[in-house]
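**Q** Okay, so here is start_26.pdb, and as you'll see once you scroll down, it has PDB, C-alpha atoms.
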```
ATOM      1  CA  MET A   1     181.402 383.445 242.627
ATOM      2  CA  VAL A   2     179.004 382.434 239.802
ATOM      3  CA  ASN A   3     175.258 382.717 240.548
ATOM      4  CA  SER A   4     173.456 379.347 239.711
ATOM      5  CA  ARG A   5     169.869 380.699 240.199
ATOM      6  CA  PRO A   6     169.215 381.401 236.473
ATOM      7  CA  SER A   7     170.246 377.875 235.454
ATOM      8  CA  LEU A   8     168.000 376.448 238.208
ATOM      9  CA  THR A   9     165.079 378.524 236.935
ATOM     10  CA  VAL A  10     165.702 377.399 233.366
ATOM     11  CA  GLY A  11     165.862 373.731 234.442
ATOM     12  CA  LEU A  12     162.616 374.053 236.375
ATOM     13  CA  GLY A  13     160.926 375.674 233.389
ATOM     14  CA  VAL A  14     162.080 372.916 231.072
ATOM     15  CA  THR A  15     160.739 370.288 233.493
ATOM     16  CA  ILE A  16     157.322 371.978 233.728
ATOM     17  CA  LEU A  17     157.183 372.313 229.938
ATOM     18  CA  ALA A  18     158.031 368.617 229.501
ATOM     19  CA  LEU A  19     155.307 367.623 231.962
ATOM     20  CA  GLY A  20     152.775 369.790 230.114
ATOM     21  CA  VAL A  21     153.685 368.207 226.776
ATOM     22  CA  GLY A  22     153.410 364.758 228.349
ATOM     23  CA  VAL A  23     149.910 365.502 229.641
ATOM     24  CA  LEU A  24     148.852 366.772 226.213
ATOM     25  CA  VAL A  25     150.237 363.625 224.549
ATOM     26  CA  LEU A  26     148.373 361.384 227.005
ATOM     27  CA  LEU A  27     145.129 363.275 226.401
ATOM     28  CA  ALA A  28     145.612 362.966 222.645
ATOM     29  CA  LEU A  29     146.232 359.201 222.912
ATOM     30  CA  ARG A  30     143.183 358.546 225.122
ATOM     31  CA  PRO A  31     140.590 356.476 223.156
ATOM     32  CA  ALA A  32     137.405 358.248 222.134
ATOM     33  CA  PRO A  33     134.166 357.113 223.850
ATOM     34  CA  ALA A  34     132.220 354.345 222.138
ATOM     35  CA  PRO A  35     129.452 355.722 219.892
ATOM     36  CA  GLU A  36     126.678 354.063 221.881
ATOM     37  CA  ASN A  37     127.886 355.741 225.086
ATOM     38  CA  ALA A  38     128.918 359.086 223.639
ATOM     39  CA  GLY A  39     126.973 361.942 225.123
ATOM     40  CA  SER A  40     125.047 359.696 227.484
ATOM     41  CA  SER A  41     125.106 359.820 231.232
ATOM     42  CA  VAL A  42     125.520 356.056 231.621
ATOM     43  CA  GLY A  43     128.714 355.372 233.491
ATOM     44  CA  PRO A  44     130.519 352.072 233.923
ATOM     45  CA  HIS A  45     128.797 351.412 237.258
ATOM     46  CA  THR A  46     125.266 352.130 236.018
ATOM     47  CA  ALA A  47     125.345 350.422 232.625
ATOM     48  CA  GLN A  48     122.769 347.688 232.229
ATOM     49  CA  SER A  49     124.363 344.406 231.247
ATOM     50  CA  PRO A  50     122.364 342.407 228.703
ATOM     51  CA  SER A  51     120.227 339.597 230.053
ATOM     52  CA  PRO A  52     121.866 336.217 229.508
ATOM     53  CA  SER A  53     120.248 334.195 226.779
ATOM     54  CA  PRO A  54     118.733 330.953 228.030
ATOM     55  CA  GLN A  55     120.914 327.968 227.184
ATOM     56  CA  GLY A  56     118.796 324.887 227.685
ATOM     57  CA  SER A  57     116.878 326.666 230.381
ATOM     58  CA  PRO A  58     113.811 324.914 231.819
ATOM     59  CA  THR A  59     111.519 327.655 230.481
ATOM     60  CA  ARG A  60     110.442 325.797 227.397
ATOM     61  CA  GLY A  61     107.406 325.433 225.226
ATOM     62  CA  ALA A  62     106.817 328.577 223.200
ATOM     63  CA  GLY A  63     108.344 328.260 219.751
ATOM     64  CA  GLN A  64     109.967 324.926 220.548
ATOM     65  CA  VAL A  65     109.649 321.555 218.843
ATOM     66  CA  ILE A  66     108.481 318.762 221.130
ATOM     67  CA  ALA A  67     108.731 315.174 219.893
ATOM     68  CA  PHE A  68     106.169 312.928 221.584
ATOM     69  CA  ILE A  69     107.260 309.294 221.302
ATOM     70  CA  GLY A  70     105.427 306.260 222.608
ATOM     71  CA  ASP A  71     101.999 304.715 222.901
ATOM     72  CA  ASP A  72      98.994 305.172 220.620
ATOM     73  CA  HIS A  73      97.272 307.468 223.133
ATOM     74  CA  LEU A  74      99.632 310.255 222.044
ATOM     75  CA  GLU A  75      97.531 310.638 218.893
ATOM     76  CA  ASP A  76      94.596 311.727 221.057
ATOM     77  CA  TRP A  77      96.167 314.638 222.925
ATOM     78  CA  ALA A  78      99.805 315.500 222.053
ATOM     79  CA  ASP A  79      98.979 318.017 219.300
ATOM     80  CA  GLU A  80      96.484 319.788 221.546
ATOM     81  CA  ALA A  81      98.946 319.910 224.444
ATOM     82  CA  ALA A  82     101.683 321.356 222.225
ATOM     83  CA  ALA A  83      99.271 323.986 220.916
ATOM     84  CA  GLU A  84      98.443 324.973 224.512
ATOM     85  CA  LEU A  85     102.169 325.484 225.079
ATOM     86  CA  ASP A  86     102.576 327.405 221.808
ATOM     87  CA  ALA A  87     104.960 324.677 220.655
ATOM     88  CA  GLN A  88     105.189 322.485 217.590
ATOM     89  CA  ALA A  89     104.471 318.774 218.063
ATOM     90  CA  ARG A  90     106.064 315.830 216.321
ATOM     91  CA  VAL A  91     104.104 312.726 217.252
ATOM     92  CA  GLU A  92     105.563 309.227 216.869
ATOM     93  CA  SER A  93     102.882 306.899 218.218
ATOM     94  CA  GLY A  94     102.625 303.126 218.140
ATOM     95  CA  VAL A  95     106.200 302.877 219.410
ATOM     96  CA  THR A  96     107.178 300.072 221.770
ATOM     97  CA  LEU A  97     110.267 299.146 223.718
ATOM     98  CA  PHE A  98     110.950 295.846 221.975
ATOM     99  CA  GLU A  99     108.634 295.088 219.048
ATOM    100  CA  ASP A 100     107.622 296.612 215.714
ATOM    101  CA  ILE A 101     108.615 300.300 215.751
ATOM    102  CA  THR A 102     111.071 300.777 218.600
ATOM    103  CA  VAL A 103     112.264 304.067 220.036
ATOM    104  CA  ALA A 104     115.501 303.828 218.032
ATOM    105  CA  ALA A 105     113.500 303.592 214.793
ATOM    106  CA  ALA A 106     111.478 306.692 215.700
ATOM    107  CA  LEU A 107     114.475 308.993 216.155
ATOM    108  CA  GLU A 108     114.623 310.962 212.926
ATOM    109  CA  ASP A 109     116.465 314.200 212.249
ATOM    110  CA  PRO A 110     116.247 317.058 212.806
ATOM    111  CA  ALA A 111     116.546 316.733 216.545
ATOM    112  CA  PRO A 112     113.718 318.368 218.531
ATOM    113  CA  ASP A 113     114.210 320.714 221.453
ATOM    114  CA  LEU A 114     112.512 318.243 223.791
ATOM    115  CA  VAL A 115     111.361 314.661 223.604
ATOM    116  CA  VAL A 116     108.515 313.357 225.730
ATOM    117  CA  LEU A 117     108.709 309.591 226.135
ATOM    118  CA  SER A 118     105.343 308.123 227.087
ATOM    119  CA  ILE A 119     105.683 304.427 226.534
ATOM    120  CA  GLY A 120     105.046 301.025 228.008
ATOM    121  CA  THR A 121     101.390 300.089 227.900
ATOM    122  CA  ALA A 122     101.846 297.926 224.811
ATOM    123  CA  ASP A 123     104.889 296.079 226.150
ATOM    124  CA  VAL A 124     103.774 292.808 227.752
ATOM    125  CA  VAL A 125     106.983 291.886 229.562
ATOM    126  CA  TRP A 126     108.162 291.354 233.113
ATOM    127  CA  ALA A 127     109.178 294.345 235.188
ATOM    128  CA  ASP A 128     112.934 293.684 234.918
ATOM    129  CA  ASP A 129     112.746 293.432 231.129
ATOM    130  CA  PHE A 130     110.610 296.555 231.034
ATOM    131  CA  ALA A 131     113.184 298.505 233.076
ATOM    132  CA  PHE A 132     115.926 297.292 230.727
ATOM    133  CA  GLY A 133     113.884 298.418 227.717
ATOM    134  CA  VAL A 134     113.365 301.898 229.171
ATOM    135  CA  SER A 135     117.091 302.211 229.864
ATOM    136  CA  LEU A 136     117.908 301.077 226.332
ATOM    137  CA  ALA A 137     115.442 303.595 224.867
ATOM    138  CA  LEU A 138     116.984 306.425 226.891
ATOM    139  CA  ASP A 139     120.468 305.409 225.731
ATOM    140  CA  GLU A 140     119.271 305.595 222.125
ATOM    141  CA  ILE A 141     117.765 309.072 222.596
ATOM    142  CA  GLU A 142     120.816 310.434 224.390
ATOM    143  CA  THR A 143     123.154 309.059 221.719
ATOM    144  CA  THR A 144     121.098 310.195 218.716
ATOM    145  CA  TRP A 145     119.964 313.573 220.096
ATOM    146  CA  PRO A 146     122.606 314.543 222.700
ATOM    147  CA  GLU A 147     121.405 318.167 222.939
ATOM    148  CA  THR A 148     117.712 317.304 223.329
ATOM    149  CA  THR A 149     116.048 317.516 226.742
ATOM    150  CA  ILE A 150     114.300 314.277 227.706
ATOM    151  CA  VAL A 151     111.032 314.222 229.641
ATOM    152  CA  LEU A 152     109.663 310.909 230.903
ATOM    153  CA  MET A 153     105.943 310.400 231.456
ATOM    154  CA  ARG A 154     104.255 307.864 233.676
ATOM    155  CA  PRO A 155     102.928 304.959 231.591
ATOM    156  CA  ALA A 156      99.243 305.551 230.934
ATOM    157  CA  TRP A 157      97.535 302.888 233.017
ATOM    158  CA  ASP A 158      94.525 304.385 234.805
ATOM    159  CA  GLU A 159      94.222 301.636 237.414
ATOM    160  CA  PRO A 160      97.522 299.755 237.329
ATOM    161  CA  ASP A 161      97.788 296.232 238.661
ATOM    162  CA  ASP A 162     100.832 295.155 240.661
ATOM    163  CA  LEU A 163     103.031 294.442 237.625
ATOM    164  CA  GLN A 164     102.027 297.694 235.956
ATOM    165  CA  ALA A 165     102.737 299.590 239.173
ATOM    166  CA  GLU A 166     106.248 298.083 239.178
ATOM    167  CA  LYS A 167     106.725 299.279 235.625
ATOM    168  CA  ILE A 168     105.555 302.782 236.531
ATOM    169  CA  ASP A 169     108.060 302.802 239.404
ATOM    170  CA  SER A 170     110.850 301.734 237.052
ATOM    171  CA  VAL A 171     110.155 304.669 234.724
ATOM    172  CA  GLN A 172     110.291 307.106 237.644
ATOM    173  CA  GLN A 173     113.490 305.495 238.925
ATOM    174  CA  ALA A 174     115.069 305.766 235.470
ATOM    175  CA  ALA A 175     114.261 309.472 235.418
ATOM    176  CA  GLU A 176     115.765 309.996 238.867
ATOM    177  CA  ALA A 177     118.887 307.970 238.030
ATOM    178  CA  ARG A 178     119.580 310.109 234.952
ATOM    179  CA  ASP A 179     118.402 313.397 236.440
ATOM    180  CA  LEU A 180     115.596 313.697 233.906
ATOM    181  CA  ILE A 181     112.225 315.379 234.300
ATOM    182  CA  TYR A 182     109.435 312.957 235.215
ATOM    183  CA  LEU A 183     105.790 313.876 234.719
ATOM    184  CA  ASP A 184     103.226 312.001 236.764
ATOM    185  CA  ALA A 185     100.491 313.059 234.366
ATOM    186  CA  PRO A 186      97.389 311.468 232.880
ATOM    187  CA  ALA A 187      97.310 310.853 229.150
ATOM    188  CA  ASP A 188      95.341 313.936 228.169
ATOM    189  CA  ALA A 189      96.214 317.463 227.100
ATOM    190  CA  ALA A 190      94.982 319.284 230.209
ATOM    191  CA  GLY A 191      96.706 316.907 232.622
ATOM    192  CA  PHE A 192      99.939 317.055 230.634
ATOM    193  CA  VAL A 193      99.994 320.859 230.530
ATOM    194  CA  ASP A 194      99.264 321.040 234.272
ATOM    195  CA  ALA A 195     102.103 318.615 235.054
ATOM    196  CA  TRP A 196     104.393 320.468 232.617
ATOM    197  CA  THR A 197     103.734 323.766 234.375
ATOM    198  CA  ALA A 198     104.111 322.239 237.853
ATOM    199  CA  ALA A 199     107.509 320.821 236.829
ATOM    200  CA  GLY A 200     108.726 324.285 235.889
ATOM    201  CA  LEU A 201     108.839 323.557 232.206
TER     202      LEU A 201
END
```
As structure tokens, please, write out the structure in this file.
**A**
Amino acid sequence: MVNSRPSLTVGLGVTILALGVGVLVLLALRPAPAPENAGSSVGPHTAQSPSPSPQGSPTRGAGQVIAFIGDDHLEDWADEAAAELDAQARVESGVTLFEDITVAAALEDPAPDLVVLSIGTADVVWADDFAFGVSLALDEIETTWPETTIVLMRPAWDEPDDLQAEKIDSVQQAAEARDLIYLDAPADAAGFVDAWTAAGL
């Protein structure tokens, strides 16, 4: 009777040798660590992921361009307000909803980061017409500068009569309808900056 133990031992040895070669091949094919992680103790569970860059985030002001469009009062305070926010101002004053220089005529490239629309005191029209004019102005801004954030300001009447109060309400309603930021701020730099900060801008 032939003894099969030697052939069994040889087969087992060949199998172990093949497994060893396979392990060595796998180790040789394993990718080297990235240079930035080589030699460091930062593992995949402790690595710090980079902070996401703000994309249109509401933290605005510093280094941004703000276009102020609207009534003549902007000349008195917009530059100062932008400076307080460490921003650059572009002021387009003397703009009305319907006459002379309209909002559409004031929209010149390049597009700003934000536009503050403070308009209405020079427009002597009924409340319904005023609301239509505000809506038309917002359409123009959104079409011309689709990536620009729009901020609406309360028209600058200190002691509004009934018609002016209706117009103020229509501006606020337009902001709410379009999910825009509305600032109930006086027409001065300090009041604007306070309202800006309170709104989370």
**Q** Which is closest to Glu140 (chain A) among A:Thr102, A:Gln64, A:Gln164, A:Thr96, if we use all atoms listed in the file?
**A**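 Among the listed residues, the smallest separation from Glu140 (chain A) belongs to A:Thr102.
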**Q** Measuring between all atoms listed in the file, which one of A:Glu108, A:Asp71, A:Glu99, A:Glu176 shows the shortest distance to Gly120 (chain A)?
**A**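 Going through A:Glu108, A:Asp71, A:Glu99, A:Glu176 one by one, the smallest distance to Gly120 (chain A) is for A:Asp71.
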**Q** Enumerate, as a ChimeraX atom specification, the residues matched when the PyMOL selection byres ((chain A and resi 127) around 8) is run on the file above.
**A** /A:125-126,128-131,163-164,166-167,170
**Q** Nearest to Phe192 (chain A): which of A:Gln88, A:Ala175, A:Val151, A:Val134 is it, counting only C-alpha atoms?
**A**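 Closest residue, counting only C-alpha atoms: A:Val151.
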**Q** Any idea what the distance is between CA of Pro112 (chain A) and CA of Ile181 (chain A)?
**A**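 Taking CA of Pro112 (chain A) as the start and CA of Ile181 (chain A) as the end point, the length is 16.1 Å.
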**Q** Could you list the residues chosen by the PyMOL selection byres ((chain A and resi 185) around 7) in this structure as a list in words?
**A** Met153, Arg154, Leu183, Asp184, Pro186, Ala187, Gly191, Phe192 and Ala195 of chain A
**Q** A:Leu201, A:Ala165, A:Leu107, A:Ala190: which is nearest Asp139 (chain A), counting only C-alpha atoms?
**A** A:Leu107
**Q** Could you state the separation of CA of Glu75 (chain A) and CA of Ser93 (chain A) in Å, given to one decimal place?
**A**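 CA of Glu75 (chain A) sits 6.6 Å away from CA of Ser93 (chain A).
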**Q** Could you tell me which of A:Pro110, A:Gly133, A:Pro146, A:Gly200 comes closest to Val171 (chain A) if we count only C-alpha atoms?
**A** A:Gly133
**Q** Report as a PyMOL selection string the full result of the PyMOL selection byres ((chain A and resi 148) around 12) when it is applied to this structure.
**A** chain A and resi 55-57+60+64-67+107+109-116+138+140-147+149-151+180
**Q** Could you dump the residues just selected with C-alpha atoms as a compact mmCIF listing (two decimals), keeping the file's coordinate frame?
**A**
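Result went into part-v3.txt, see below:
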```txt
# COMPACT_ATOMS: atom_id res chain seq x y z
CA GLN A 55 120.91 327.97 227.18
CA GLY A 56 118.80 324.89 227.68
CA SER A 57 116.88 326.67 230.38
CA ARG A 60 110.44 325.80 227.40
CA GLN A 64 109.97 324.93 220.55
CA VAL A 65 109.65 321.56 218.84
CA ILE A 66 108.48 318.76 221.13
CA ALA A 67 108.73 315.17 219.89
CA LEU A 107 114.48 308.99 216.16
CA ASP A 109 116.46 314.20 212.25
CA PRO A 110 116.25 317.06 212.81
CA ALA A 111 116.55 316.73 216.54
CA PRO A 112 113.72 318.37 218.53
CA ASP A 113 114.21 320.71 221.45
CA LEU A 114 112.51 318.24 223.79
CA VAL A 115 111.36 314.66 223.60
CA VAL A 116 108.52 313.36 225.73
CA LEU A 138 116.98 306.42 226.89
CA GLU A 140 119.27 305.60 222.12
CA ILE A 141 117.76 309.07 222.60
CA GLU A 142 120.82 310.43 224.39
CA THR A 143 123.15 309.06 221.72
CA THR A 144 121.10 310.20 218.72
CA TRP A 145 119.96 313.57 220.10
CA PRO A 146 122.61 314.54 222.70
CA GLU A 147 121.40 318.17 222.94
CA THR A 149 116.05 317.52 226.74
CA ILE A 150 114.30 314.28 227.71
CA VAL A 151 111.03 314.22 229.64
CA LEU A 180 115.60 313.70 233.91
```
**Q** CA of Ala156 (chain A) and CA of Ala87 (chain A) are how many Å apart?
**A** 22.5 Å
**Q** Out of A:Trp196, A:Tyr182, A:Phe132, A:Trp77, which residue has the shortest atom-to-atom distance to Ala89 (chain A) when counting only C-alpha atoms?
**A**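 Ranking A:Trp196, A:Tyr182, A:Phe132, A:Trp77 by distance to Ala89 (chain A), first place goes to A:Trp77.
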